[in-house]
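Take a look at the structure below.
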Amino acid sequence: MKNLKRFLCVVLGLMLCLVAVSFGACDNEPKASDAVDADVYAPDGAPALALAQLMKEEMQFSGSVRYHVVAATTIQTYVTGEDPQAELCVIPVNAAAQLLGSGEKYVMLGTVTHGNIYILSNTEKTPLTADNLDTLIGKVVGSIQLTNVVGLTLRLVLEQNDIAYTIIEDVSQKKDDVVNIINIPDPATMITGTANFDYMVAAEPVVSTKTGAIATLEVVGDLQELYGEGGYPQAVLVAKADFAEKNEQFIQDFIQAVEENAAWIMADSTEPATIVDAVASHLPEGSTPTFKTANLTKGVIENCAIRFQSAIDSKEEVKSFLSKLSGVSNVQYNVADSFFYSA
C-alpha cells in the first residue's frame, strides 16, 4: 500500500510538472493578439516611391500590414485626431513638425526623400545658379505648394542669396524690383507652353512629364543645388510612439526594408511598370497614380532623391532646415528631441 501511494505521488508530481511546463510554453508562444497589426500611409508621388518594394511584395513582417497611397492633400488626416489611422506614415517634414513635433503621439524614424523640385521656363533658357539668381528679379515665378515645403524652400533660397521677393495673387500685380511669386494650385493644367509665368517651380514627375510633352519647356534650375548641403529633408517616415516602443523588432525590420527599397527602385531589373503597379494597386478605387509607366524613368527616380537616413543621423539637418523654414513662414516648426526615434 505504501509503495502504491508512493507511486501515485510520483505520477501526480510528474503530471503537475508537465502541466506547469505546458503553461510556461504557452506563455512564451506568440499569441495571435500579439502579432503586429499596422496601417501604413504615404502620399501619392515621390514619397510613395519610398515604399514601392514593400508594397510590391506586400511585406508583412510576420504580422498584418496594410499599405495605403492617398492624395498628398489629405495625408495629415491619417496622423491626427483622437485615434489616428496610421501606425506608420510618410509625411512632409514641415507638416510632421507642426502636427507631431512634440514626440508624444508620433516619432520620426528617418528621412525618406531629399528634394525633387526643379525650376522650368518656356522663355528663359539660361541655367540658374547662385551667382545669377538675381535674374529672377522682376520676373513672375509660379510655384506649386506655395505654403508648403516647395514654396517655403524657394523663398528660403532667395533669402539666402539676399534677393527680395513678394507674394502676388495675380500676374498684373508684379513689381520690377523683386521676385514675384504666385501660387500654382493645379500644375497639370497651369504648367503649359503658354503659361503667363516666366518661371515655374514644380516637382517630379510633373517636371519630366511636362518637359517631355512641351517642346519649349526646359529645366533651368535645380532647387536642391540652389539650396546647397546636398539637398534638404523633404519627406519623413513617422510611427506612433507607443507602437514603436512595443514593436521594436518590427520597426527595425521595416526600416531595413525601406533602406533596401532605395536600391531596388533604381535597379535595372526593376521595371517602371512594376513600380507604378505597386503604387496604383494601393490607391483608393478609381484613382490613378501621379507616376505612369511612360514618365517613370530611372532619371526621374534619381531626381526624386529617395534614400533613407535615420532620425538620429538626420536630426541636426532636420532641425536646421525647420528653423530656416520658420524664418520664412508664419509658423514656428519646433521639434522635441523625443520626436527623433532611437532604438
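Within each chain, counting starts at residue 1; across the C-alpha cells, chains are named A, B, ... in the order shown, with ligands numbered 1 upward in that order.
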Worksheet entry | Non-local contacts of Tyr118 (chain A) (12 Å; only C-alpha atoms; under 3 positions in same chain excluded) as a ChimeraX atom specification | /A:115,121,127-128,142-144,150-151,153-154,199-208,210-211,218-227,231,300,303-304
At a cut-off of 7 Å, can you tabulate as CSV every residue of region 77-134 of chain A near region 39-43 of chain A together with its closest atom pair and the distance in Å to one decimal, using only C-alpha atoms and ordering rows by chain then number?
```
residue,atom,partner,partner_atom,distance
A:Gln85,CA,A:Asp39,CA,6.9
A:Ala86,CA,A:Asp39,CA,5.2
A:Glu87,CA,A:Asp39,CA,5.5
A:Leu88,CA,A:Val40,CA,4.8
A:Cys89,CA,A:Tyr41,CA,4.7
A:Val90,CA,A:Ala42,CA,4.8
A:Ile91,CA,A:Ala42,CA,6.9
```
Worksheet entry | Residues flagged strand (DSSP E) by DSSP in region 125-307 of chain A, as number ranges by chain | A: 140-143, 165-168, 179-183, 199-203, 218-222, 235-240, 306-307
Item to complete: Pull the helix (DSSP H, G or I) assignments for region 264-329 of chain A out of DSSP run on the backbone, and list those residues as a PyMOL selection string.
Response: chain A and resi 264-266+272-280+293-295+298-303+311-327
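With only C-alpha atoms as the atoms that count, the minimum distance from Thr209 (chain A) to the choices A:Asn180, A:Thr293, A:Ser326, A:Gln173 is reached by A:Thr293.
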Fill in: Nearest to Val79 (chain A), chosen from A:Lys125, A:His114, A:Lys175, A:Lys105, with only C-alpha atoms counted in the distances
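The closest residue to Val79 (chain A) is A:Lys105.
Minimum atom-to-atom distances from A:Val331, A:Ala278, A:Leu296, A:Ala48 to Ala95 (chain A) were compared using only C-alpha atoms, and the lowest value belongs to A:Val331.
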Ile255 (chain A) surroundings by only C-alpha atoms, 12 Å radius, close-in-sequence under 2 positions cut, as a PDB file with N, CA, C and O atoms, in the first residue's frame:
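Final output, saved to part.pdb:
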```
ATOM      1  N   ALA A  50       9.177  55.639 -51.847  1.00  0.00           N
ATOM      2  CA  ALA A  50       9.981  55.177 -50.713  1.00  0.00           C
ATOM      3  C   ALA A  50       9.488  53.860 -50.147  1.00  0.00           C
ATOM      4  O   ALA A  50      10.203  53.195 -49.389  1.00  0.00           O
ATOM      5  N   LEU A  51       8.255  53.464 -50.519  1.00  0.00           N
ATOM      6  CA  LEU A  51       7.673  52.209 -50.019  1.00  0.00           C
ATOM      7  C   LEU A  51       7.331  51.258 -51.161  1.00  0.00           C
ATOM      8  O   LEU A  51       6.641  50.251 -50.943  1.00  0.00           O
ATOM      9  N   LEU A  54       8.108  47.486 -50.759  1.00  0.00           N
ATOM     10  CA  LEU A  54       7.314  46.921 -49.665  1.00  0.00           C
ATOM     11  C   LEU A  54       5.894  46.653 -50.135  1.00  0.00           C
ATOM     12  O   LEU A  54       5.289  45.629 -49.781  1.00  0.00           O
ATOM     13  N   PHE A  61       6.115  41.349 -42.487  1.00  0.00           N
ATOM     14  CA  PHE A  61       6.974  41.339 -41.302  1.00  0.00           C
ATOM     15  C   PHE A  61       6.375  40.498 -40.179  1.00  0.00           C
ATOM     16  O   PHE A  61       6.336  40.923 -39.015  1.00  0.00           O
ATOM     17  N   LEU A  88       2.175  53.881 -39.205  1.00  0.00           N
ATOM     18  CA  LEU A  88       3.344  54.482 -39.839  1.00  0.00           C
ATOM     19  C   LEU A  88       2.869  55.354 -40.988  1.00  0.00           C
ATOM     20  O   LEU A  88       1.866  55.051 -41.635  1.00  0.00           O
ATOM     21  N   MET A 108       9.693  60.309 -35.294  1.00  0.00           N
ATOM     22  CA  MET A 108      10.259  60.268 -36.639  1.00  0.00           C
ATOM     23  C   MET A 108      11.289  59.155 -36.716  1.00  0.00           C
ATOM     24  O   MET A 108      12.258  59.141 -35.956  1.00  0.00           O
ATOM     25  N   LEU A 109      11.086  58.232 -37.659  1.00  0.00           N
ATOM     26  CA  LEU A 109      12.039  57.128 -37.845  1.00  0.00           C
ATOM     27  C   LEU A 109      13.203  57.540 -38.738  1.00  0.00           C
ATOM     28  O   LEU A 109      14.322  57.051 -38.565  1.00  0.00           O
ATOM     29  N   GLY A 110      12.929  58.427 -39.690  1.00  0.00           N
ATOM     30  CA  GLY A 110      14.001  58.874 -40.574  1.00  0.00           C
ATOM     31  C   GLY A 110      13.464  59.690 -41.737  1.00  0.00           C
ATOM     32  O   GLY A 110      12.253  59.837 -41.928  1.00  0.00           O
ATOM     33  N   THR A 111      14.386  60.224 -42.528  1.00  0.00           N
ATOM     34  CA  THR A 111      14.060  60.982 -43.731  1.00  0.00           C
ATOM     35  C   THR A 111      14.061  60.030 -44.918  1.00  0.00           C
ATOM     36  O   THR A 111      14.960  59.196 -45.040  1.00  0.00           O
ATOM     37  N   VAL A 112      13.066  60.157 -45.806  1.00  0.00           N
ATOM     38  CA  VAL A 112      12.986  59.233 -46.944  1.00  0.00           C
ATOM     39  C   VAL A 112      13.134  59.908 -48.306  1.00  0.00           C
ATOM     40  O   VAL A 112      13.483  59.258 -49.284  1.00  0.00           O
ATOM     41  N   VAL A 236       9.425  62.644 -44.409  1.00  0.00           N
ATOM     42  CA  VAL A 236       9.953  61.786 -43.345  1.00  0.00           C
ATOM     43  C   VAL A 236       8.977  60.652 -43.048  1.00  0.00           C
ATOM     44  O   VAL A 236       7.783  60.739 -43.339  1.00  0.00           O
ATOM     45  N   LEU A 237       9.511  59.589 -42.470  1.00  0.00           N
ATOM     46  CA  LEU A 237       8.708  58.442 -42.055  1.00  0.00           C
ATOM     47  C   LEU A 237       8.501  58.527 -40.550  1.00  0.00           C
ATOM     48  O   LEU A 237       9.462  58.623 -39.789  1.00  0.00           O
ATOM     49  N   VAL A 238       7.240  58.521 -40.130  1.00  0.00           N
ATOM     50  CA  VAL A 238       6.923  58.594 -38.702  1.00  0.00           C
ATOM     51  C   VAL A 238       6.148  57.345 -38.283  1.00  0.00           C
ATOM     52  O   VAL A 238       5.553  56.651 -39.110  1.00  0.00           O
ATOM     53  N   ALA A 239       6.164  57.064 -36.993  1.00  0.00           N
ATOM     54  CA  ALA A 239       5.425  55.931 -36.433  1.00  0.00           C
ATOM     55  C   ALA A 239       4.803  56.361 -35.109  1.00  0.00           C
ATOM     56  O   ALA A 239       5.348  57.219 -34.403  1.00  0.00           O
ATOM     57  N   ALA A 244       5.813  52.053 -31.793  1.00  0.00           N
ATOM     58  CA  ALA A 244       7.251  51.841 -31.985  1.00  0.00           C
ATOM     59  C   ALA A 244       7.895  51.245 -30.745  1.00  0.00           C
ATOM     60  O   ALA A 244       8.775  50.380 -30.830  1.00  0.00           O
ATOM     61  N   GLU A 248       9.614  46.974 -31.345  1.00  0.00           N
ATOM     62  CA  GLU A 248      10.954  47.409 -31.745  1.00  0.00           C
ATOM     63  C   GLU A 248      11.514  46.590 -32.898  1.00  0.00           C
ATOM     64  O   GLU A 248      12.107  47.144 -33.828  1.00  0.00           O
ATOM     65  N   GLN A 249      11.349  45.265 -32.865  1.00  0.00           N
ATOM     66  CA  GLN A 249      11.890  44.434 -33.935  1.00  0.00           C
ATOM     67  C   GLN A 249      11.195  44.716 -35.261  1.00  0.00           C
ATOM     68  O   GLN A 249      11.829  44.789 -36.315  1.00  0.00           O
ATOM     69  N   PHE A 250       9.882  44.891 -35.204  1.00  0.00           N
ATOM     70  CA  PHE A 250       9.137  45.246 -36.415  1.00  0.00           C
ATOM     71  C   PHE A 250       9.667  46.557 -36.995  1.00  0.00           C
ATOM     72  O   PHE A 250       9.883  46.671 -38.212  1.00  0.00           O
ATOM     73  N   ILE A 251       9.863  47.552 -36.151  1.00  0.00           N
ATOM     74  CA  ILE A 251      10.356  48.851 -36.610  1.00  0.00           C
ATOM     75  C   ILE A 251      11.720  48.702 -37.273  1.00  0.00           C
ATOM     76  O   ILE A 251      11.979  49.267 -38.343  1.00  0.00           O
ATOM     77  N   GLN A 252      12.600  47.926 -36.657  1.00  0.00           N
ATOM     78  CA  GLN A 252      13.931  47.732 -37.243  1.00  0.00           C
ATOM     79  C   GLN A 252      13.850  47.022 -38.584  1.00  0.00           C
ATOM     80  O   GLN A 252      14.550  47.382 -39.541  1.00  0.00           O
ATOM     81  N   ASP A 253      12.975  46.012 -38.670  1.00  0.00           N
ATOM     82  CA  ASP A 253      12.813  45.282 -39.932  1.00  0.00           C
ATOM     83  C   ASP A 253      12.201  46.179 -41.005  1.00  0.00           C
ATOM     84  O   ASP A 253      12.591  46.124 -42.179  1.00  0.00           O
ATOM     85  N   ALA A 257      13.884  47.416 -44.611  1.00  0.00           N
ATOM     86  CA  ALA A 257      13.211  47.255 -45.897  1.00  0.00           C
ATOM     87  C   ALA A 257      13.148  48.574 -46.661  1.00  0.00           C
ATOM     88  O   ALA A 257      13.325  48.605 -47.886  1.00  0.00           O
ATOM     89  N   VAL A 258      12.907  49.674 -45.956  1.00  0.00           N
ATOM     90  CA  VAL A 258      12.867  50.995 -46.599  1.00  0.00           C
ATOM     91  C   VAL A 258      14.262  51.365 -47.113  1.00  0.00           C
ATOM     92  O   VAL A 258      14.404  51.951 -48.198  1.00  0.00           O
ATOM     93  N   GLU A 259      15.282  51.031 -46.365  1.00  0.00           N
ATOM     94  CA  GLU A 259      16.654  51.280 -46.813  1.00  0.00           C
ATOM     95  C   GLU A 259      16.950  50.509 -48.102  1.00  0.00           C
ATOM     96  O   GLU A 259      17.531  51.054 -49.051  1.00  0.00           O
ATOM     97  N   GLU A 260      16.552  49.249 -48.141  1.00  0.00           N
ATOM     98  CA  GLU A 260      16.817  48.406 -49.306  1.00  0.00           C
ATOM     99  C   GLU A 260      15.968  48.810 -50.508  1.00  0.00           C
ATOM    100  O   GLU A 260      16.359  48.596 -51.657  1.00  0.00           O
ATOM    101  N   ASN A 261      14.809  49.402 -50.253  1.00  0.00           N
ATOM    102  CA  ASN A 261      13.924  49.846 -51.328  1.00  0.00           C
ATOM    103  C   ASN A 261      14.608  50.858 -52.241  1.00  0.00           C
ATOM    104  O   ASN A 261      14.380  50.859 -53.451  1.00  0.00           O
ATOM    105  N   ALA A 262      15.447  51.716 -51.677  1.00  0.00           N
ATOM    106  CA  ALA A 262      16.111  52.753 -52.469  1.00  0.00           C
ATOM    107  C   ALA A 262      16.954  52.152 -53.586  1.00  0.00           C
ATOM    108  O   ALA A 262      17.007  52.688 -54.704  1.00  0.00           O
ATOM    109  N   ARG A 307      16.054  58.071 -50.506  1.00  0.00           N
ATOM    110  CA  ARG A 307      17.007  57.315 -49.679  1.00  0.00           C
ATOM    111  C   ARG A 307      16.627  57.503 -48.213  1.00  0.00           C
ATOM    112  O   ARG A 307      16.087  58.536 -47.842  1.00  0.00           O
ATOM    113  N   PHE A 308      16.906  56.482 -47.429  1.00  0.00           N
ATOM    114  CA  PHE A 308      16.552  56.548 -46.012  1.00  0.00           C
ATOM    115  C   PHE A 308      17.754  57.012 -45.199  1.00  0.00           C
ATOM    116  O   PHE A 308      18.867  56.521 -45.355  1.00  0.00           O
ATOM    117  N   GLN A 309      17.508  57.968 -44.327  1.00  0.00           N
ATOM    118  CA  GLN A 309      18.509  58.429 -43.378  1.00  0.00           C
ATOM    119  C   GLN A 309      17.858  58.437 -42.005  1.00  0.00           C
ATOM    120  O   GLN A 309      16.819  59.060 -41.811  1.00  0.00           O
ATOM    121  N   SER A 310      18.441  57.716 -41.081  1.00  0.00           N
ATOM    122  CA  SER A 310      17.816  57.527 -39.770  1.00  0.00           C
ATOM    123  C   SER A 310      17.568  58.854 -39.053  1.00  0.00           C
ATOM    124  O   SER A 310      18.216  59.872 -39.338  1.00  0.00           O
ATOM    125  N   ALA A 311      16.634  58.809 -38.125  1.00  0.00           N
ATOM    126  CA  ALA A 311      16.294  60.011 -37.354  1.00  0.00           C
ATOM    127  C   ALA A 311      17.511  60.559 -36.619  1.00  0.00           C
ATOM    128  O   ALA A 311      17.717  61.777 -36.562  1.00  0.00           O
ATOM    129  N   TYR A 341      13.356  59.194 -33.203  1.00  0.00           N
ATOM    130  CA  TYR A 341      13.365  57.811 -32.728  1.00  0.00           C
ATOM    131  C   TYR A 341      14.784  57.295 -32.554  1.00  0.00           C
ATOM    132  O   TYR A 341      15.667  57.495 -33.380  1.00  0.00           O
ATOM    133  N   ALA A 343      16.330  53.535 -31.230  1.00  0.00           N
ATOM    134  CA  ALA A 343      16.028  52.172 -30.747  1.00  0.00           C
ATOM    135  C   ALA A 343      16.785  51.889 -29.467  1.00  0.00           C
ATOM    136  O   ALA A 343      17.910  52.334 -29.285  1.00  0.00           O
TER     137      ALA A 343
END
```
Item to complete: Rounded to one decimal place, report the CA of Ile275 (chain A)-CA of Asn94 (chain A) distance in Å.
Response: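 Separation of CA of Ile275 (chain A) and CA of Asn94 (chain A): 26.9 Å.
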